[in-house]
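Here's the structure we're looking at; comments come further down.
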Protein chains: 4
Amino acid sequence: MKIALITENSQAAKNTIIHEALTSVVEPMGHQVFNYGMYTAEDKSSLTYVMNGLLAGILLNSKAVDFVVTGCGTGMGSMLACNAMPGVFCGLVIDPTDAFLFGQINDGNCISTPFAKGFGWAAELTLKDIYQKMFEGERGLGYPKERAEIMRTNRGVLKDLKQATCHDMLTVLKSVDQDLLRKAIAGEKFAEHFYAHAQDAEIAAYLKALSTEGAAEAQPQSVLA
Amino acid sequence: MKIALITENSQAAKNTIIHEALTSVVEPMGHQVFNYGMYTAEDKSSLTYVMNGLLAGILLNSKAVDFVVTGCGTGMGSMLACNAMPGVFCGLVIDPTDAFLFGQINDGNCISTPFAKGFGWAAELTLKDIYQKMFEGERGLGYPKERAEIMRTNRGVLKDLKQATCHDMLTVLKSVDQDLLRKAIAGEKFAEHFYAHAQDAEIAAYLKALSTEGAAEAQPQSVLA
Amino acid sequence: MKIALITENSQAAKNTIIHEALTSVVEPMGHQVFNYGMYTAEDKSSLTYVMNGLLAGILLNSKAVDFVVTGCGTGMGSMLACNAMPGVFCGLVIDPTDAFLFGQINDGNCISTPFAKGFGWAAELTLKDIYQKMFEGERGLGYPKERAEIMRTNRGVLKDLKQATCHDMLTVLKSVDQDLLRKAIAGEKFAEHFYAHAQDAEIAAYLKALSTEGAAEAQPQSVLA
Amino acid sequence: MKIALITENSQAAKNTIIHEALTSVVEPMGHQVFNYGMYTAEDKSSLTYVMNGLLAGILLNSKAVDFVVTGCGTGMGSMLACNAMPGVFCGLVIDPTDAFLFGQINDGNCISTPFAKGFGWAAELTLKDIYQKMFEGERGLGYPKERAEIMRTNRGVLKDLKQATCHDMLTVLKSVDQDLLRKAIAGEKFAEHFYAHAQDAEIAAYLKALSTEGAAEAQPQSVLA
């Protein structure tokens, strides 16, 4: 499975510790991790939690990744932003049992975790346990298993509901604040990670055009003349 | 402030304990609570967590209430369903500090709480503390207050993003599975609580028509003939 | 390692679920579990949390077991009672990271866990994770390992301090309320589990005498005459 | 009520934030706080968690204070050390409901809290809520109140048990490592806070003699000659 890690500006300094916790657990399971940053608090391009959501929406709807791991200070902002996007089902996961139950019952494609609130000494241990329970074995089996069928049914109904409430992703990309969108994909490694794996040609083309246009606008006038 | 309580089928038996915890805390603050059920595990009309979300969307977008208190076994399903709706910003709140921070930083209009996972003996004490921190004083002041302005800005950006991703509520009502919608508003006291307070005439009219039509359909044929 | 499970009257009905969680995790590791009860809420002989402590003191000081797993509603009463005994170092363990850190830093010989507060649906999952982190691998290695030496030193100082504050266990047995002591060892399987494994002849002899005497006292007078 | 705050070396840098949280909550209730340090990570005299326990034992048994608030990285070490002392009943308190239940059910005289594990951003909010629930109103009333009587009985039995297991405090002071004891009372403000309020003349005299002797020993030989 392809897993994206996205961290925002307030907790950017923790990107390395989170990335290490995640890769140390999921790479041995055969999953791939794509670190979309922010990488440090000093990164040139900055992500807010709202951009986290937009970026998660892009990655999941284009199938550039299968799962997004994100968070912010309390985890709440990123979770709200992710869940505002079509096709994104983001759990707020605080302990390993949350991760297991979210995987078995809700079978979403995104988790947001608090990286500041409750995130004290030895928090990397709990993170690792969360990732273990989230990414080992098969998901969507229900808990307890006797209720698997009804849980599957409800997930389908939720998916349909969300499809009725949200525009499709390409429409979203065209209608959101284009400056916000440009910033959401301005990360140092976005292009490298994204265009190699995105499976939706229209989304990729739209974003590439936006970036080029942005880059063009950023050129000194003399060059364009 | 008008506050709706919505509980779903798996935790319906706890409606009374939750309602008591909520009213004991918020009524002395001057808030009004509208209990939309389910009231017991044996209610004739049953709500799933997906319907909780649809109902929350109706109540908030029609301004029948200002805030929705909901939940399910882990809180996750109801949270996902609520956040799938336009104009709903639903936090997953587990402890009193979550409630305070969600109120000050995210200033959402809905909370979902686990009513089974971690909900053991004396859980009503923690519930009361959550409601205390959620509903006392002014919200949206930021924490720490020095960051209030940037937090307010991000909330605005999130709101705009969600407006770009979601259809408006009336469109949602028309395009969702009409049977799901009918069940979401079939609660024993829905009509009593909702039509008296809804401030959006179109939403109210649409739902009233749907109910009437539903009632008509439910009539024995001979009566309609 | 020999591990005793002790549950008290208020949570006796959960003995089976706790026992299953414990054995399912630790038996595959090669540990042995001795279930000292209470087994059901209707057991003839009843344990209070205070007796849990006394019983833990007996089992650990006699080396009948190497580790005690206990608890009560909040875990607090059993923890206090266990820590009142010589040679018992009982952690209050609520989540898996607690278990790991207690094992690595404090390296105690007893844990108490809340079996009512916070013990909701799916609590058996968290229990299993706690037992996993508590009983897998070697303990006392420190966390982080760079601080292992100072942690070991402090454990030694604590052990010496406790030796200075407490009477030895045999003295304790002789000076506590003999009726309380009799009840603490009145469980259905105490004799079977204890006398086969206790390695302290004096403690065993004292308790055997007390039980016999208790049994004698319980005989109808005519028999003794 | 007189409340002592004791922090150890690993979390000494947080003394100020803890002290502020504590005083901001309990002083308006009419309680007095005595900050026994450590005050900063650079204090000349250093406390380990084991010394925290010894110091708590001294303060409570001499009635210099009525209650001790302490902790360490996980809260576990300080809790174990405190509970190793005669007459000290120390709860491990992590959330406000723990505090309330410990106060009503166990009615102890000491709490230990994790100041590193789980102690992330905004942790001061949870600390304040803990102190609020711990120190407002009357303690020992039971929860639920219908069980007050049985809870009171069990507390009495525990107290008696502990009296049977522990030496009295003066004996403890004489038999513990005198160097450890000297360090436990070497804090900058110990003398000022303690001798003014201790109500046990023998304990006070013993410690004063030890300090004087310690001070004498620390003199250059020429002065003593």
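Labels for the structure tokens follow display order: chains A, B, ..., residues from 1 in each chain, ligands from 1.
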> Counting only C-alpha atoms, which residues from chain A have an atom at most 9 Å from any atom of chain B, and could you show them as a PyMOL selection string?
Replying inline: chain A and resi 48-51+54+74+76-77+79-81+83-86+89-92+98+101-102+105-106+117+154-155+157-158+160-169+171-173+175-177+180
> Excluding same-chain residues fewer than 3 positions from stretch 11-21 of chain C, what lies within 8 Å of it counting only C-alpha atoms, as an MDAnalysis selection string?
Replying inline: chainID C and resid 5 7:8 24:25 35 37:41 72:73 115:116 124 127:128
>> Let's see if you can do this: from backbone DSSP, list all strand (DSSP E) residues in stretch 83-118 of chain D, as a list in words.
In response: Cys90, Gly91, Leu92, Cys110, Ile111, Ser112, Thr113 and Pro114 of chain D
Selected residues written out, all heavy atoms, as a PDB file, in the first residue's frame:
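Ended up saving to again.pdb:
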ATOM      1  N   CYS D  90      -1.162   7.470  48.023  1.00  0.00           N
ATOM      2  CA  CYS D  90      -0.900   8.287  46.839  1.00  0.00           C
ATOM      3  C   CYS D  90      -1.554   7.697  45.592  1.00  0.00           C
ATOM      4  O   CYS D  90      -1.218   6.591  45.164  1.00  0.00           O
ATOM      5  CB  CYS D  90       0.610   8.401  46.637  1.00  0.00           C
ATOM      6  SG  CYS D  90       1.056   9.351  45.163  1.00  0.00           S
ATOM      7  N   GLY D  91      -2.461   8.448  44.993  1.00  0.00           N
ATOM      8  CA  GLY D  91      -3.097   8.016  43.754  1.00  0.00           C
ATOM      9  C   GLY D  91      -2.301   8.435  42.536  1.00  0.00           C
ATOM     10  O   GLY D  91      -1.585   9.437  42.571  1.00  0.00           O
ATOM     11  N   LEU D  92      -2.387   7.659  41.482  1.00  0.00           N
ATOM     12  CA  LEU D  92      -1.834   8.084  40.196  1.00  0.00           C
ATOM     13  C   LEU D  92      -2.999   8.685  39.422  1.00  0.00           C
ATOM     14  O   LEU D  92      -3.944   7.975  39.049  1.00  0.00           O
ATOM     15  CB  LEU D  92      -1.231   6.911  39.428  1.00  0.00           C
ATOM     16  CG  LEU D  92      -0.522   7.324  38.138  1.00  0.00           C
ATOM     17  CD1 LEU D  92       0.832   7.946  38.462  1.00  0.00           C
ATOM     18  CD2 LEU D  92      -0.327   6.147  37.199  1.00  0.00           C
ATOM     19  N   CYS D 110      -2.342  12.273  48.798  1.00  0.00           N
ATOM     20  CA  CYS D 110      -1.212  12.519  47.905  1.00  0.00           C
ATOM     21  C   CYS D 110      -1.610  12.109  46.485  1.00  0.00           C
ATOM     22  O   CYS D 110      -2.296  11.102  46.304  1.00  0.00           O
ATOM     23  CB  CYS D 110      -0.043  11.660  48.394  1.00  0.00           C
ATOM     24  SG  CYS D 110       1.507  11.859  47.505  1.00  0.00           S
ATOM     25  N   ILE D 111      -1.212  12.891  45.498  1.00  0.00           N
ATOM     26  CA  ILE D 111      -1.387  12.442  44.110  1.00  0.00           C
ATOM     27  C   ILE D 111      -0.087  12.611  43.338  1.00  0.00           C
ATOM     28  O   ILE D 111       0.666  13.559  43.552  1.00  0.00           O
ATOM     29  CB  ILE D 111      -2.507  13.178  43.342  1.00  0.00           C
ATOM     30  CG1 ILE D 111      -2.301  14.687  43.335  1.00  0.00           C
ATOM     31  CG2 ILE D 111      -3.866  12.820  43.880  1.00  0.00           C
ATOM     32  CD1 ILE D 111      -3.269  15.437  42.411  1.00  0.00           C
ATOM     33  N   SER D 112       0.151  11.658  42.477  1.00  0.00           N
ATOM     34  CA  SER D 112       1.284  11.730  41.563  1.00  0.00           C
ATOM     35  C   SER D 112       0.732  11.779  40.149  1.00  0.00           C
ATOM     36  O   SER D 112      -0.229  11.083  39.823  1.00  0.00           O
ATOM     37  CB  SER D 112       2.181  10.506  41.733  1.00  0.00           C
ATOM     38  OG  SER D 112       3.285  10.581  40.851  1.00  0.00           O
ATOM     39  N   THR D 113       1.321  12.622  39.331  1.00  0.00           N
ATOM     40  CA  THR D 113       0.822  12.855  37.983  1.00  0.00           C
ATOM     41  C   THR D 113       1.983  12.752  37.006  1.00  0.00           C
ATOM     42  O   THR D 113       3.088  13.154  37.325  1.00  0.00           O
ATOM     43  CB  THR D 113       0.173  14.266  37.938  1.00  0.00           C
ATOM     44  OG1 THR D 113      -0.956  14.274  38.808  1.00  0.00           O
ATOM     45  CG2 THR D 113      -0.279  14.633  36.555  1.00  0.00           C
ATOM     46  N   PRO D 114       1.739  12.201  35.813  1.00  0.00           N
ATOM     47  CA  PRO D 114       2.816  12.200  34.812  1.00  0.00           C
ATOM     48  C   PRO D 114       3.067  13.617  34.307  1.00  0.00           C
ATOM     49  O   PRO D 114       2.131  14.269  33.847  1.00  0.00           O
ATOM     50  CB  PRO D 114       2.271  11.313  33.686  1.00  0.00           C
ATOM     51  CG  PRO D 114       0.810  11.185  33.918  1.00  0.00           C
ATOM     52  CD  PRO D 114       0.530  11.502  35.349  1.00  0.00           C
TER      53      PRO D 114
END
> Any idea what's packed within 8 Å of A:Val68, counting only C-alpha atoms, ignoring anything in its chain fewer than 2 positions away? Could you give it as a list in words?
Replying inline: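 Near A:Val68, the qualifying residues are Ile3, Ala4, Leu5, Ile6, Ala56, Leu60, Val65, Asp66, Thr70, Asn109, Cys110 and Ile111 of chain A.
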Would you output that residue set with all heavy atoms, as a compact mmCIF listing (two decimals), in the first residue's frame?
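Produced file result_20.txt, reproduced below:
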# COMPACT_ATOMS: atom_id res chain seq x y z
N ILE A 3 1.40 4.94 1.25
CA ILE A 3 0.94 5.77 2.36
C ILE A 3 1.63 7.13 2.29
O ILE A 3 2.86 7.20 2.23
CB ILE A 3 1.26 5.11 3.71
CG1 ILE A 3 0.60 3.72 3.80
CG2 ILE A 3 0.84 6.00 4.86
CD1 ILE A 3 1.08 2.88 4.97
N ALA A 4 0.83 8.21 2.31
CA ALA A 4 1.42 9.55 2.35
C ALA A 4 1.46 10.05 3.79
O ALA A 4 0.52 9.83 4.55
CB ALA A 4 0.59 10.51 1.51
N LEU A 5 2.55 10.73 4.14
CA LEU A 5 2.61 11.44 5.41
C LEU A 5 2.54 12.93 5.11
O LEU A 5 3.29 13.44 4.27
CB LEU A 5 3.91 11.12 6.14
CG LEU A 5 4.19 11.98 7.38
CD1 LEU A 5 3.13 11.77 8.45
CD2 LEU A 5 5.57 11.67 7.95
N ILE A 6 1.62 13.62 5.77
CA ILE A 6 1.48 15.07 5.61
C ILE A 6 1.46 15.74 6.99
O ILE A 6 0.61 15.41 7.81
CB ILE A 6 0.16 15.45 4.89
CG1 ILE A 6 -0.03 14.65 3.59
CG2 ILE A 6 0.13 16.94 4.59
CD1 ILE A 6 -1.36 14.93 2.88
N ALA A 56 -4.60 15.95 0.92
CA ALA A 56 -5.09 14.58 1.12
C ALA A 56 -6.14 14.23 0.07
O ALA A 56 -6.15 13.13 -0.48
CB ALA A 56 -5.66 14.42 2.53
N LEU A 60 -5.61 11.13 -2.58
CA LEU A 60 -6.49 9.97 -2.53
C LEU A 60 -7.39 9.87 -3.76
O LEU A 60 -7.58 8.79 -4.30
CB LEU A 60 -7.33 10.00 -1.25
CG LEU A 60 -6.52 9.75 0.04
CD1 LEU A 60 -7.33 10.11 1.28
CD2 LEU A 60 -6.07 8.28 0.11
N VAL A 65 -1.77 7.85 -3.76
CA VAL A 65 -1.56 6.99 -2.59
C VAL A 65 -2.88 6.32 -2.22
O VAL A 65 -3.96 6.73 -2.70
CB VAL A 65 -1.04 7.75 -1.34
CG1 VAL A 65 0.30 8.44 -1.63
CG2 VAL A 65 -2.08 8.76 -0.85
N ASP A 66 -2.77 5.31 -1.37
CA ASP A 66 -3.96 4.59 -0.91
C ASP A 66 -4.45 5.07 0.46
O ASP A 66 -5.59 4.81 0.85
CB ASP A 66 -3.64 3.09 -0.80
CG ASP A 66 -3.08 2.55 -2.09
OD1 ASP A 66 -3.80 2.56 -3.09
OD2 ASP A 66 -1.89 2.16 -2.11
N THR A 70 -1.96 11.94 8.65
CA THR A 70 -1.73 13.36 8.86
C THR A 70 -2.05 13.74 10.31
O THR A 70 -2.24 12.85 11.15
CB THR A 70 -2.56 14.21 7.86
OG1 THR A 70 -2.16 15.58 7.97
CG2 THR A 70 -4.05 14.08 8.07
N ASN A 109 -9.69 5.93 4.78
CA ASN A 109 -8.45 6.00 4.01
C ASN A 109 -7.52 7.09 4.51
O ASN A 109 -6.58 7.50 3.81
CB ASN A 109 -8.76 6.19 2.52
CG ASN A 109 -9.72 7.33 2.29
OD1 ASN A 109 -9.97 8.12 3.19
ND2 ASN A 109 -10.28 7.41 1.09
N CYS A 110 -7.73 7.54 5.73
CA CYS A 110 -6.96 8.67 6.24
C CYS A 110 -7.08 8.71 7.76
O CYS A 110 -8.15 8.42 8.30
CB CYS A 110 -7.57 9.95 5.63
SG CYS A 110 -6.74 11.48 6.02
N ILE A 111 -5.97 9.01 8.44
CA ILE A 111 -6.08 9.26 9.88
C ILE A 111 -5.36 10.55 10.24
O ILE A 111 -4.34 10.89 9.67
CB ILE A 111 -5.50 8.12 10.76
CG1 ILE A 111 -4.03 7.81 10.41
CG2 ILE A 111 -6.36 6.88 10.69
CD1 ILE A 111 -3.37 6.84 11.39
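Interatomic distance, atom CA of D:Ala204 against atom CA of D:Ser62: 7.6 Å.
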> Please, which residues of stretch 2-223 of chain C, numbered as in this document, come out helix (DSSP H, G or I) from DSSP, as a count of residues only?
Replying inline: 128
